[in-house]
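File shown here: entry_2.cif, holding mmCIF, C-alpha atoms and all ligand atoms.
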data_coords
#
loop_
_atom_site.label_atom_id
_atom_site.label_comp_id
_atom_site.auth_asym_id
_atom_site.auth_seq_id
_atom_site.Cartn_x
_atom_site.Cartn_y
_atom_site.Cartn_z
CA MET A 26 27.12 57.24 -24.02
CA ARG A 27 25.59 54.98 -26.71
CA ASN A 28 29.05 53.65 -27.53
CA SER A 29 29.79 52.78 -23.95
CA ILE A 30 26.46 50.94 -23.62
CA ILE A 31 27.30 48.94 -26.76
CA ALA A 32 30.79 48.25 -25.39
CA SER A 33 29.40 47.01 -22.06
CA ALA A 34 26.86 44.81 -23.84
CA CYS A 35 29.64 43.35 -26.00
CA LEU A 36 31.81 42.72 -22.97
CA LEU A 37 28.93 41.03 -21.14
CA SER A 38 28.15 38.73 -24.09
CA PHE A 39 31.83 37.90 -24.36
CA ILE A 40 32.00 36.91 -20.67
CA VAL A 41 28.85 34.77 -20.94
CA LEU A 42 30.15 33.07 -24.08
CA PHE A 43 33.59 32.54 -22.57
CA ASN A 44 32.12 30.89 -19.47
CA GLN A 45 29.90 28.64 -21.55
CA CYS A 46 32.86 27.56 -23.64
CA LYS A 47 35.00 27.04 -20.57
CA SER A 48 32.50 24.82 -18.77
CA SER A 49 31.80 22.81 -21.90
CA LEU A 50 35.53 22.24 -22.40
CA GLU A 51 35.92 21.27 -18.73
CA SER A 52 33.14 18.72 -18.90
CA GLN A 53 34.68 17.16 -22.02
CA GLY A 54 38.08 17.09 -20.39
CA SER A 55 36.82 15.22 -17.38
CA THR A 56 35.81 12.27 -19.61
CA GLN A 57 32.35 11.45 -18.29
CA THR A 58 33.49 11.83 -14.72
CA THR A 59 30.97 14.53 -13.81
CA GLY A 60 27.51 13.24 -13.04
CA THR A 61 28.49 9.91 -11.52
CA ALA A 62 30.88 11.59 -9.09
CA ASN A 63 27.83 13.20 -7.50
CA LYS A 64 25.98 9.92 -7.06
CA LYS A 65 26.28 8.22 -3.69
CA GLY A 66 29.15 5.78 -3.55
CA LEU A 67 31.06 3.61 -1.06
CA LYS A 68 33.03 6.57 0.27
CA ASP A 69 29.80 8.39 1.14
CA TYR A 70 28.31 5.49 3.08
CA TYR A 71 31.60 5.24 5.00
CA ARG A 72 32.17 8.98 5.44
CA ASN A 73 32.02 8.71 9.21
CA TYR A 74 34.12 5.57 9.36
CA PHE A 75 37.27 5.50 7.22
CA SER A 76 38.49 6.39 3.76
CA ILE A 77 37.75 3.93 0.96
CA GLY A 78 40.54 3.41 -1.52
CA VAL A 79 41.33 1.47 -4.65
CA ALA A 80 44.47 0.24 -6.40
CA VAL A 81 44.76 1.60 -9.90
CA THR A 82 46.89 1.52 -13.03
CA PRO A 83 48.13 4.74 -14.68
CA ARG A 84 46.10 7.00 -16.98
CA LEU A 85 42.63 6.29 -15.63
CA ARG A 86 39.89 7.40 -17.96
CA GLY A 87 36.35 6.83 -19.18
CA GLU A 88 33.84 4.80 -17.22
CA GLU A 89 36.48 3.38 -14.88
CA ALA A 90 37.58 6.88 -13.92
CA ALA A 91 33.95 7.76 -13.33
CA LEU A 92 33.45 4.70 -11.13
CA VAL A 93 36.56 5.53 -9.12
CA LEU A 94 35.33 9.08 -8.52
CA GLN A 95 31.88 7.93 -7.47
CA HIS A 96 33.04 5.36 -4.96
CA PHE A 97 36.55 6.04 -3.72
CA ASN A 98 38.39 8.83 -1.96
CA SER A 99 41.86 7.32 -1.84
CA LEU A 100 44.17 5.76 -4.44
CA THR A 101 47.08 3.34 -4.37
CA ALA A 102 49.27 2.64 -7.41
CA GLU A 103 48.95 -1.10 -8.07
CA ASN A 104 52.51 -1.31 -9.45
CA ALA A 105 53.77 2.09 -10.58
CA MET A 106 55.55 3.11 -7.36
CA LYS A 107 57.32 -0.19 -6.74
CA MET A 108 61.07 -0.17 -6.85
CA GLY A 109 61.52 -2.01 -10.17
CA PRO A 110 59.06 0.08 -12.18
CA ILE A 111 59.98 3.45 -10.66
CA HIS A 112 63.76 3.01 -10.32
CA PRO A 113 64.83 0.67 -13.13
CA GLN A 114 68.50 1.68 -13.12
CA GLU A 115 70.64 3.01 -10.34
CA ASN A 116 70.85 6.48 -11.86
CA ARG A 117 67.52 6.54 -13.61
CA TYR A 118 64.01 6.91 -12.28
CA PHE A 119 60.86 6.44 -14.34
CA TRP A 120 58.21 8.77 -13.00
CA ASN A 121 55.54 8.94 -15.75
CA ASP A 122 53.23 6.20 -14.49
CA ALA A 123 53.32 7.14 -10.83
CA ASP A 124 53.00 10.84 -11.68
CA SER A 125 49.90 10.19 -13.74
CA ILE A 126 48.20 8.51 -10.77
CA VAL A 127 49.29 11.16 -8.29
CA ASP A 128 48.10 13.90 -10.68
CA PHE A 129 44.70 12.23 -10.96
CA ALA A 130 44.46 12.11 -7.17
CA GLN A 131 45.46 15.75 -6.88
CA ARG A 132 43.09 16.93 -9.59
CA HIS A 133 40.13 15.21 -7.98
CA GLY A 134 40.96 15.76 -4.33
CA LEU A 135 41.62 12.08 -3.52
CA LYS A 136 44.07 10.88 -0.88
CA MET A 137 47.07 8.95 -2.10
CA ARG A 138 48.77 5.98 -0.40
CA GLY A 139 52.33 5.19 -1.46
CA HIS A 140 53.05 1.51 -2.22
CA THR A 141 55.73 0.32 -1.63
CA LEU A 142 59.27 1.42 -0.76
CA THR A 143 60.91 -1.85 0.28
CA TRP A 144 59.87 -5.26 -1.02
CA HIS A 145 61.56 -8.47 -2.19
CA THR A 146 59.40 -8.71 -5.33
CA GLN A 147 59.56 -6.35 -8.34
CA THR A 148 63.05 -5.23 -7.38
CA PRO A 149 65.30 -3.86 -10.13
CA GLY A 150 68.20 -6.05 -11.33
CA TRP A 151 70.89 -3.60 -10.24
CA LEU A 152 69.83 -3.38 -6.62
CA PHE A 153 71.61 -6.22 -4.87
CA LYS A 154 74.59 -6.64 -7.18
CA ASP A 155 77.91 -4.97 -7.67
CA SER A 156 77.96 -4.35 -11.41
CA ALA A 157 81.71 -4.98 -11.82
CA SER A 158 82.01 -8.28 -9.94
CA ASN A 159 78.36 -9.43 -10.20
CA THR A 160 78.51 -10.47 -6.55
CA ASN A 161 76.20 -9.24 -3.79
CA VAL A 162 76.90 -5.74 -2.54
CA SER A 163 77.89 -5.16 1.08
CA LYS A 164 75.40 -4.22 3.77
CA GLU A 165 76.64 -0.61 3.73
CA VAL A 166 76.16 -0.29 -0.02
CA LEU A 167 72.69 -1.82 0.06
CA LEU A 168 71.53 0.45 2.89
CA LYS A 169 72.95 3.46 1.05
CA ARG A 170 71.00 2.42 -2.08
CA LEU A 171 67.87 1.97 0.01
CA LYS A 172 68.32 5.39 1.55
CA ASP A 173 68.83 7.08 -1.83
CA HIS A 174 65.77 5.35 -3.23
CA ILE A 175 63.47 6.16 -0.32
CA THR A 176 64.67 9.75 -0.03
CA THR A 177 64.17 10.45 -3.74
CA VAL A 178 60.76 8.83 -4.07
CA VAL A 179 59.31 10.15 -0.81
CA ASN A 180 60.61 13.65 -1.56
CA ARG A 181 59.04 13.73 -4.99
CA TYR A 182 55.57 13.02 -3.59
CA LYS A 183 55.91 14.90 -0.32
CA GLY A 184 52.62 16.59 0.56
CA LYS A 185 50.80 14.49 -2.06
CA VAL A 186 51.22 10.99 -0.61
CA TYR A 187 49.88 10.98 2.96
CA ALA A 188 50.90 7.42 3.90
CA TRP A 189 53.56 4.98 2.75
CA ASP A 190 53.81 1.20 2.85
CA VAL A 191 57.44 1.54 3.82
CA VAL A 192 58.17 -2.17 4.14
CA ASN A 193 56.19 -4.98 2.59
CA GLU A 194 56.00 -8.71 3.43
CA VAL A 195 59.25 -9.41 5.23
CA ILE A 196 57.85 -12.06 7.57
CA ALA A 197 58.03 -15.68 6.42
CA ASP A 198 54.92 -17.79 5.88
CA ASP A 199 56.25 -21.05 7.27
CA SER A 200 55.88 -21.20 11.00
CA ALA A 201 59.46 -22.30 11.70
CA THR A 202 61.04 -19.24 10.05
CA TYR A 203 60.89 -15.67 11.37
CA PHE A 204 62.09 -13.41 8.55
CA ARG A 205 61.70 -14.19 4.86
CA LYS A 206 65.12 -15.15 3.48
CA SER A 207 65.15 -12.43 0.82
CA PRO A 208 68.32 -10.76 -0.50
CA TRP A 209 67.47 -7.83 1.79
CA TYR A 210 67.65 -10.15 4.76
CA GLN A 211 70.64 -12.10 3.52
CA ILE A 212 72.68 -8.94 3.08
CA THR A 213 71.56 -6.74 5.99
CA GLY A 214 69.94 -9.12 8.49
CA GLU A 215 66.85 -7.53 10.08
CA ASP A 216 68.31 -4.02 9.95
CA PHE A 217 66.90 -2.91 6.59
CA VAL A 218 63.41 -2.80 8.06
CA ALA A 219 64.06 -0.21 10.78
CA LYS A 220 66.39 1.72 8.48
CA ALA A 221 63.69 1.99 5.81
CA PHE A 222 61.32 3.56 8.33
CA GLU A 223 63.99 5.97 9.51
CA TYR A 224 64.84 7.07 5.96
CA ALA A 225 61.18 7.58 5.08
CA HIS A 226 60.53 9.59 8.24
CA GLU A 227 63.56 11.75 7.58
CA ALA A 228 62.35 12.47 4.05
CA ASP A 229 58.78 13.31 5.08
CA PRO A 230 58.18 13.67 8.81
CA LYS A 231 54.44 14.18 8.20
CA ALA A 232 53.82 10.94 6.28
CA ILE A 233 52.14 8.05 8.11
CA LEU A 234 54.42 5.03 7.83
CA PHE A 235 53.07 1.49 7.54
CA TYR A 236 54.34 -2.05 7.70
CA ASN A 237 52.23 -4.06 5.24
CA ASP A 238 51.71 -7.83 5.01
CA TYR A 239 49.31 -10.64 4.06
CA ASN A 240 47.99 -13.63 6.03
CA THR A 241 47.93 -11.34 9.04
CA GLU A 242 45.03 -13.38 10.44
CA ASN A 243 47.12 -16.52 10.66
CA PRO A 244 47.90 -16.71 14.40
CA VAL A 245 51.52 -17.82 13.92
CA LYS A 246 52.39 -15.27 11.26
CA ARG A 247 50.61 -12.49 13.11
CA GLU A 248 52.56 -13.26 16.26
CA LYS A 249 55.82 -12.86 14.34
CA ILE A 250 54.70 -9.58 12.79
CA TYR A 251 53.65 -8.34 16.21
CA ARG A 252 57.03 -9.28 17.63
CA MET A 253 58.91 -7.38 14.90
CA LEU A 254 56.71 -4.29 15.25
CA LYS A 255 56.96 -4.29 19.05
CA LYS A 256 60.73 -4.47 18.88
CA MET A 257 60.84 -1.49 16.53
CA LEU A 258 58.40 0.54 18.59
CA ASP A 259 60.42 -0.16 21.75
CA ALA A 260 63.48 1.12 19.89
CA LYS A 261 61.53 4.28 18.89
CA VAL A 262 61.58 3.45 15.18
CA PRO A 263 58.98 5.68 13.44
CA VAL A 264 56.32 3.08 12.56
CA HIS A 265 52.78 4.44 12.70
CA GLY A 266 50.54 1.82 11.22
CA VAL A 267 50.07 -1.73 10.11
CA GLY A 268 48.53 -2.67 6.77
CA LEU A 269 46.50 -5.87 6.73
CA GLN A 270 46.47 -6.59 3.02
CA GLY A 271 43.15 -8.41 3.08
CA HIS A 272 43.66 -10.85 0.21
CA TRP A 273 40.90 -13.03 1.56
CA SER A 274 38.52 -15.64 0.20
CA VAL A 275 35.04 -16.98 0.69
CA ASN A 276 36.57 -19.29 3.33
CA ASN A 277 38.79 -16.97 5.29
CA PRO A 278 39.28 -15.22 7.60
CA THR A 279 36.75 -16.04 10.28
CA ARG A 280 35.20 -13.17 12.21
CA GLU A 281 37.22 -14.15 15.24
CA GLU A 282 40.55 -14.31 13.38
CA LEU A 283 39.92 -10.90 11.88
CA GLU A 284 38.88 -9.24 15.13
CA ASN A 285 41.83 -10.72 16.96
CA SER A 286 44.28 -9.36 14.40
CA ILE A 287 42.83 -5.86 14.49
CA LYS A 288 42.81 -5.82 18.30
CA MET A 289 46.31 -7.22 18.56
CA PHE A 290 47.94 -4.69 16.23
CA ALA A 291 45.92 -1.79 17.58
CA SER A 292 47.10 -2.71 21.09
CA LEU A 293 50.56 -1.58 19.98
CA GLY A 294 49.13 1.92 19.49
CA LEU A 295 49.35 1.57 15.71
CA GLN A 296 46.61 2.60 13.32
CA VAL A 297 45.27 -0.23 11.19
CA GLN A 298 44.43 -0.05 7.49
CA ILE A 299 43.11 -2.75 5.20
CA THR A 300 45.35 -2.05 2.23
CA GLU A 301 44.62 -4.61 -0.53
CA LEU A 302 41.14 -5.97 -0.03
CA ASP A 303 39.58 -8.62 -2.25
CA VAL A 304 37.56 -11.75 -1.56
CA SER A 305 38.48 -14.58 -3.90
CA VAL A 306 35.58 -16.81 -4.88
CA TYR A 307 37.82 -19.89 -4.55
CA GLY A 308 38.75 -21.46 -1.23
CA GLY A 309 42.08 -21.18 0.48
CA ARG A 310 44.24 -18.30 1.51
CA GLN A 311 44.88 -15.89 -1.32
CA GLY A 312 47.81 -13.95 -0.02
CA GLY A 313 51.17 -13.88 -1.78
CA GLN A 314 52.86 -17.20 -2.33
CA ILE A 315 50.41 -19.49 -0.58
CA ILE A 316 48.19 -20.31 -3.52
CA GLN A 317 50.94 -20.85 -6.08
CA GLY A 318 51.02 -24.37 -7.44
CA GLN A 319 47.46 -25.17 -6.39
CA ALA A 320 45.65 -23.43 -9.23
CA GLN A 321 43.16 -25.96 -10.54
CA ARG A 322 41.30 -24.80 -13.63
CA GLU A 323 37.80 -24.04 -12.41
CA ALA A 324 35.28 -22.78 -14.97
CA ALA A 325 35.29 -19.03 -15.35
CA VAL A 326 31.72 -18.62 -14.16
CA PHE A 327 30.53 -16.60 -11.22
CA THR A 328 28.07 -19.14 -9.83
CA PRO A 329 25.14 -18.33 -7.51
CA GLU A 330 26.94 -20.28 -4.79
CA MET A 331 30.07 -18.13 -5.14
CA GLU A 332 27.92 -15.03 -5.13
CA GLN A 333 26.17 -16.06 -1.92
CA LYS A 334 29.34 -17.06 -0.06
CA GLN A 335 31.14 -13.92 -1.18
CA LEU A 336 28.39 -11.57 -0.11
CA GLU A 337 28.28 -13.22 3.30
CA LYS A 338 32.05 -12.77 3.68
CA TYR A 339 31.95 -9.14 2.58
CA LYS A 340 29.03 -8.47 4.95
CA MET A 341 30.93 -9.98 7.86
CA ILE A 342 34.21 -8.19 7.21
CA PHE A 343 32.59 -4.79 6.87
CA GLU A 344 30.61 -5.40 10.07
CA VAL A 345 33.95 -5.97 11.77
CA PHE A 346 35.54 -2.92 10.10
CA ARG A 347 32.69 -0.72 11.33
CA LYS A 348 32.97 -2.15 14.82
CA TYR A 349 36.65 -1.17 14.87
CA LYS A 350 36.24 2.22 13.22
CA LYS A 351 38.40 3.84 15.91
CA GLU A 352 41.32 1.58 15.05
CA ILE A 353 40.82 1.43 11.26
CA THR A 354 41.71 4.55 9.26
CA GLY A 355 41.38 3.26 5.70
CA VAL A 356 40.11 0.35 3.61
CA THR A 357 41.54 -0.04 0.11
CA PHE A 358 40.33 -2.52 -2.54
CA TRP A 359 42.93 -4.16 -4.76
CA ASN A 360 41.64 -3.30 -8.27
CA ILE A 361 38.44 -1.63 -9.39
CA SER A 362 36.10 -4.33 -10.68
CA ASP A 363 35.91 -7.98 -11.75
CA ARG A 364 36.87 -6.84 -15.25
CA TYR A 365 40.48 -7.11 -14.08
CA SER A 366 42.00 -8.50 -10.91
CA TRP A 367 45.57 -9.58 -10.19
CA LEU A 368 44.00 -12.90 -9.13
CA ASP A 369 43.00 -13.62 -12.75
CA GLY A 370 46.63 -14.35 -13.45
CA ARG A 371 46.59 -17.42 -11.26
CA GLY A 372 45.32 -19.94 -13.76
CA ARG A 373 41.62 -19.03 -13.58
CA LYS A 374 39.30 -16.05 -13.75
CA ASN A 375 38.33 -14.67 -10.38
CA PHE A 376 35.50 -12.38 -9.29
CA PRO A 377 36.83 -10.89 -6.07
CA LEU A 378 35.54 -7.29 -6.06
CA LEU A 379 32.31 -5.37 -5.45
CA PHE A 380 31.70 -4.37 -9.09
CA ASP A 381 31.11 -6.85 -11.91
CA GLN A 382 32.70 -6.92 -15.36
CA THR A 383 30.23 -4.32 -16.64
CA LEU A 384 31.12 -2.14 -13.62
CA LYS A 385 27.70 -2.64 -11.98
CA PRO A 386 27.50 -3.10 -8.21
CA LYS A 387 27.22 -6.79 -7.27
CA LYS A 388 24.94 -8.12 -4.52
CA ALA A 389 27.92 -8.00 -2.19
CA TYR A 390 28.09 -4.23 -2.72
CA TRP A 391 24.62 -3.77 -1.26
CA GLU A 392 25.57 -5.89 1.76
CA VAL A 393 28.50 -3.54 2.35
CA VAL A 394 26.57 -0.27 2.07
CA ASN A 395 23.22 -1.19 3.64
CA PHE A 396 23.82 -0.93 7.37
O1 LIG B 401 48.58 -6.55 -8.21
C1 LIG B 401 49.97 -6.63 -8.40
C2 LIG B 401 50.28 -7.36 -9.68
O2 LIG B 401 49.85 -6.62 -10.80
C3 LIG B 401 51.78 -7.64 -9.79
O3 LIG B 401 52.04 -8.46 -10.90
C4 LIG B 401 52.25 -8.32 -8.51
C5 LIG B 401 53.74 -8.60 -8.55
O4 LIG B 401 54.09 -9.45 -7.52
O5 LIG B 401 51.96 -7.52 -7.39
C6 LIG B 401 50.59 -7.35 -7.21
O6 LIG B 401 50.33 -6.60 -6.04
C7 LIG B 401 50.79 -7.18 -4.81
C8 LIG B 401 51.08 -6.05 -3.87
O7 LIG B 401 51.95 -5.13 -4.45
C9 LIG B 401 51.64 -6.56 -2.56
N1 LIG B 401 50.78 -7.56 -1.97
C10 LIG B 401 50.36 -8.62 -2.82
C11 LIG B 401 49.75 -8.06 -4.10
C12 LIG B 401 49.21 -9.18 -4.97
O8 LIG B 401 50.25 -10.03 -5.37
#
How does this structure look as structure tokens?
Amino acid sequence: MRNSIIASACLLSFIVLFNQCKSSLESQGSTQTTGTANKKGLKDYYRNYFSIGVAVTPRLRGEEAALVLQHFNSLTAENAMKMGPIHPQENRYFWNDADSIVDFAQRHGLKMRGHTLTWHTQTPGWLFKDSASNTNVSKEVLLKRLKDHITTVVNRYKGKVYAWDVVNEVIADDSATYFRKSPWYQITGEDFVAKAFEYAHEADPKAILFYNDYNTENPVKREKIYRMLKKMLDAKVPVHGVGLQGHWSVNNPTREELENSIKMFASLGLQVQITELDVSVYGGRQGGQIIQGQAQREAAVFTPEMEQKQLEKYKMIFEVFRKYKKEITGVTFWNISDRYSWLDGRGRKNFPLLFDQTLKPKKAYWEVVNF
């Protein structure tokens, strides 16, 4: 009897000790992510509206990981899933970076957007060329390569990536041209676009498939995008959503331009997501190619004037997003904080996000969450 009491007491102490050890190890493993994840963040303010995402680089850790978990419930890989990085050679895929982001999303219960399956930028060298002759491949070969790529990538993340930017930026910026004259277009004409959606749908019938582009508030460009999407929908191509990238600035878009774009695309029966949001503190349109060549060297200071204009723009755009909450299913920021933005690489430091370089919420943040 005495022995069994001692044995039970030993067992009990062992269980208590084991659990203490386990939870202490878990909290170390999560690298400061507990605690802040319970504080109210963007995603909580917008719980009844849409998911709030962020574009990230692989192997998130430390205070940035903590910030992501406090504020966001969806991730996009900033570069890791693009064709060049993930499929550098015809018979070789590089999964490590994308896997690390998808694992993080899985571990913490975040949604994952896939970006992007078909684009003219960051394409691998082998894609358009016949290796023997070094001339362009035929349309059949290119479509077969596209199909292999999409099938392999979508299959790997099936059930983990809920939405894909299947095709990115195929419409030209200049008003006289319809499609961008990329190698995709030169080799296959318009066909690669519909084919990409078909391949993606075949690989994962449950994934929500998006066409994604920038300068979608420009009336001429938006009309062309609308025309392309309408044609595909009429032909029963599986397109489910349109991504408005949202590389905006303190000067654009206007409330009216933004509302008109959302209404116009939603009228096609498509869901709308803002997929790459940032508000540059410099004037002009920030999307894609437009700003290249005009990068004057402004001082790298976030002035009170920039701060004021930016918070007004953020306030306005989130007012519009909330107004169209039925049409909008997700809003994703492009990068985490002003510590690093893709816009920094354009000849001057930018400050386009809601968190400053020390990861503190900026005034614009409070305009976005106080409603
Ligand atoms: O943020 C991305 C940057 O790190 C890359 O160098 C760049 C390559 O063109 O792509 C950036 O992301 C782009 C996105 O994939 C598509 N829309 C425009 C984004 C900004 O250029």
Mind listing the residues within 9 Å of ligand LIG 401 (chain B), all atoms listed in the file counted, as a ChimeraX atom specification?
/A:80,82,102-104,107,140-141,144,146-147,193-194,237-239,270,272,300-301,311-314,359-360,366-368,370
Atom-to-atom span, CA of Gly184 (chain A) and CA of Ile233 (chain A), Å
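Computing the Euclidean distance for CA of Gly184 (chain A) and CA of Ile233 (chain A) yields 11.4 Å.
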Nearest to Tyr251 (chain A) by atom-to-atom distance, counting all atoms listed in the file, from A:Tyr339, A:Lys164, A:Asn277, A:Lys288:
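Nearest candidate to Tyr251 (chain A) out of A:Tyr339, A:Lys164, A:Asn277, A:Lys288: A:Lys288.
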Interatomic distance (Å, one decimal) between CA of Val275 (chain A) and CA of Ser99 (chain A)
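Separation of CA of Val275 (chain A) and CA of Ser99 (chain A): 25.4 Å.
Take the candidates A:Pro230, A:Gly139, A:Gly87, A:Pro149 and check each one against Met108 (chain A) using all atoms listed in the file; the shortest distance goes to A:Pro149.
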Neighbour list for Leu135 (chain A) as a VMD selection string, cut-off 8 Å, all atoms listed in the file, skip fewer than 4 positions in-chain
chain A and resid 97 to 100 130 to 131
Find the residues of region 290-365 of chain A that sit at most 7 Å from region 378-389 of chain A; for each, write down the nearest two atoms and how far apart they are in Å, to one decimal. Count all atoms listed in the file. Sort by chain, then by number going up, and give it as CSV.
residue,atom,partner,partner_atom,distance
A:Asp303,CA,A:Leu378,CA,5.7
A:Val304,CA,A:Leu378,CA,6.6
A:Gln335,CA,A:Ala389,CA,6.8
A:Leu336,CA,A:Ala389,CA,4.2
A:Tyr339,CA,A:Ala389,CA,6.3
A:Ser362,CA,A:Phe380,CA,4.7
A:Asp363,CA,A:Asp381,CA,4.9
A:Arg364,CA,A:Gln382,CA,4.2
Selected residues, C-alpha atoms, written as a PDB file, in the frame of the given file, please.
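Generated output (selection.pdb):
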ATOM      1  CA  ASP A 303      39.580  -8.620  -2.250  1.00  0.00           C
ATOM      2  CA  VAL A 304      37.560 -11.750  -1.560  1.00  0.00           C
ATOM      3  CA  GLN A 335      31.140 -13.920  -1.180  1.00  0.00           C
ATOM      4  CA  LEU A 336      28.390 -11.570  -0.110  1.00  0.00           C
ATOM      5  CA  TYR A 339      31.950  -9.140   2.580  1.00  0.00           C
ATOM      6  CA  SER A 362      36.100  -4.330 -10.680  1.00  0.00           C
ATOM      7  CA  ASP A 363      35.910  -7.980 -11.750  1.00  0.00           C
ATOM      8  CA  ARG A 364      36.870  -6.840 -15.250  1.00  0.00           C
TER       9      ARG A 364
END
Go through A:Gly308, A:Asp124, A:Ile111, A:His133 one by one, measure the shortest atom-to-atom distance of each to Ala90 (chain A) using all atoms listed in the file, and give the residue with the smallest value.
A:His133
Set the distance at 12 Å and use only C-alpha atoms: which residues neighbour Lys350 (chain A) once local chain neighbours fewer than 2 positions away are removed? I'd like the list as a list in words.
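Once the nearby chain positions are removed, what remains is Tyr71, Arg72, Asn73, Tyr74, Phe75, Ser76, Glu284, Ile287, Lys288, Ala291, Gln296, Val297, Gln298, Ile299, Phe343, Glu344, Val345, Phe346, Arg347, Lys348, Glu352, Ile353, Thr354, Gly355 and Val356 of chain A.
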Atoms are missing here; could region 358-364 of chain A be completed with all heavy atoms and written as a compact mmCIF listing (two decimals), in the frame of the given file?
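The resulting file, result-v4.txt, is shown below:
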# COMPACT_ATOMS: atom_id res chain seq x y z
N PHE A 358 40.56 -1.32 -1.71
CA PHE A 358 40.33 -2.52 -2.54
C PHE A 358 41.48 -2.66 -3.53
O PHE A 358 42.01 -1.68 -4.03
CB PHE A 358 39.02 -2.38 -3.32
CG PHE A 358 37.81 -2.51 -2.45
CD1 PHE A 358 37.33 -1.42 -1.72
CD2 PHE A 358 37.15 -3.72 -2.34
CE1 PHE A 358 36.21 -1.55 -0.90
CE2 PHE A 358 36.03 -3.86 -1.53
CZ PHE A 358 35.56 -2.77 -0.81
N TRP A 359 41.82 -3.93 -3.83
CA TRP A 359 42.93 -4.16 -4.76
C TRP A 359 42.35 -4.43 -6.14
O TRP A 359 42.02 -5.56 -6.47
CB TRP A 359 43.81 -5.32 -4.25
CG TRP A 359 45.22 -5.20 -4.75
CD1 TRP A 359 45.85 -6.06 -5.61
CD2 TRP A 359 46.18 -4.18 -4.43
NE1 TRP A 359 47.13 -5.61 -5.84
CE2 TRP A 359 47.36 -4.45 -5.13
CE3 TRP A 359 46.14 -3.03 -3.61
CZ2 TRP A 359 48.50 -3.65 -5.05
CZ3 TRP A 359 47.26 -2.23 -3.53
CH2 TRP A 359 48.43 -2.55 -4.24
N ASN A 360 42.24 -3.37 -6.92
CA ASN A 360 41.64 -3.30 -8.27
C ASN A 360 40.19 -2.81 -8.18
O ASN A 360 39.58 -2.81 -7.11
CB ASN A 360 41.69 -4.64 -9.02
CG ASN A 360 43.12 -5.14 -9.22
OD1 ASN A 360 43.43 -6.29 -8.92
ND2 ASN A 360 44.01 -4.31 -9.70
N ILE A 361 39.70 -2.37 -9.35
CA ILE A 361 38.44 -1.63 -9.39
C ILE A 361 37.22 -2.55 -9.48
O ILE A 361 36.25 -2.40 -8.74
CB ILE A 361 38.43 -0.66 -10.61
CG1 ILE A 361 39.59 0.34 -10.50
CG2 ILE A 361 37.10 0.06 -10.71
CD1 ILE A 361 39.80 1.18 -11.76
N SER A 362 37.28 -3.49 -10.43
CA SER A 362 36.10 -4.33 -10.68
C SER A 362 36.56 -5.71 -11.16
O SER A 362 37.73 -5.91 -11.44
CB SER A 362 35.23 -3.72 -11.78
OG SER A 362 35.85 -3.93 -13.04
N ASP A 363 35.60 -6.62 -11.30
CA ASP A 363 35.91 -7.98 -11.75
C ASP A 363 36.39 -8.03 -13.22
O ASP A 363 36.78 -9.09 -13.71
CB ASP A 363 34.69 -8.90 -11.60
CG ASP A 363 34.40 -9.21 -10.13
OD1 ASP A 363 35.26 -8.88 -9.28
OD2 ASP A 363 33.31 -9.75 -9.84
N ARG A 364 36.34 -6.90 -13.88
CA ARG A 364 36.87 -6.84 -15.25
C ARG A 364 38.36 -7.22 -15.24
O ARG A 364 38.86 -7.88 -16.12
CB ARG A 364 36.73 -5.41 -15.75
CG ARG A 364 36.74 -5.25 -17.20
CD ARG A 364 36.47 -3.80 -17.57
NE ARG A 364 35.06 -3.55 -17.81
CZ ARG A 364 34.61 -2.37 -18.27
NH1 ARG A 364 35.44 -1.37 -18.49
NH2 ARG A 364 33.32 -2.21 -18.48
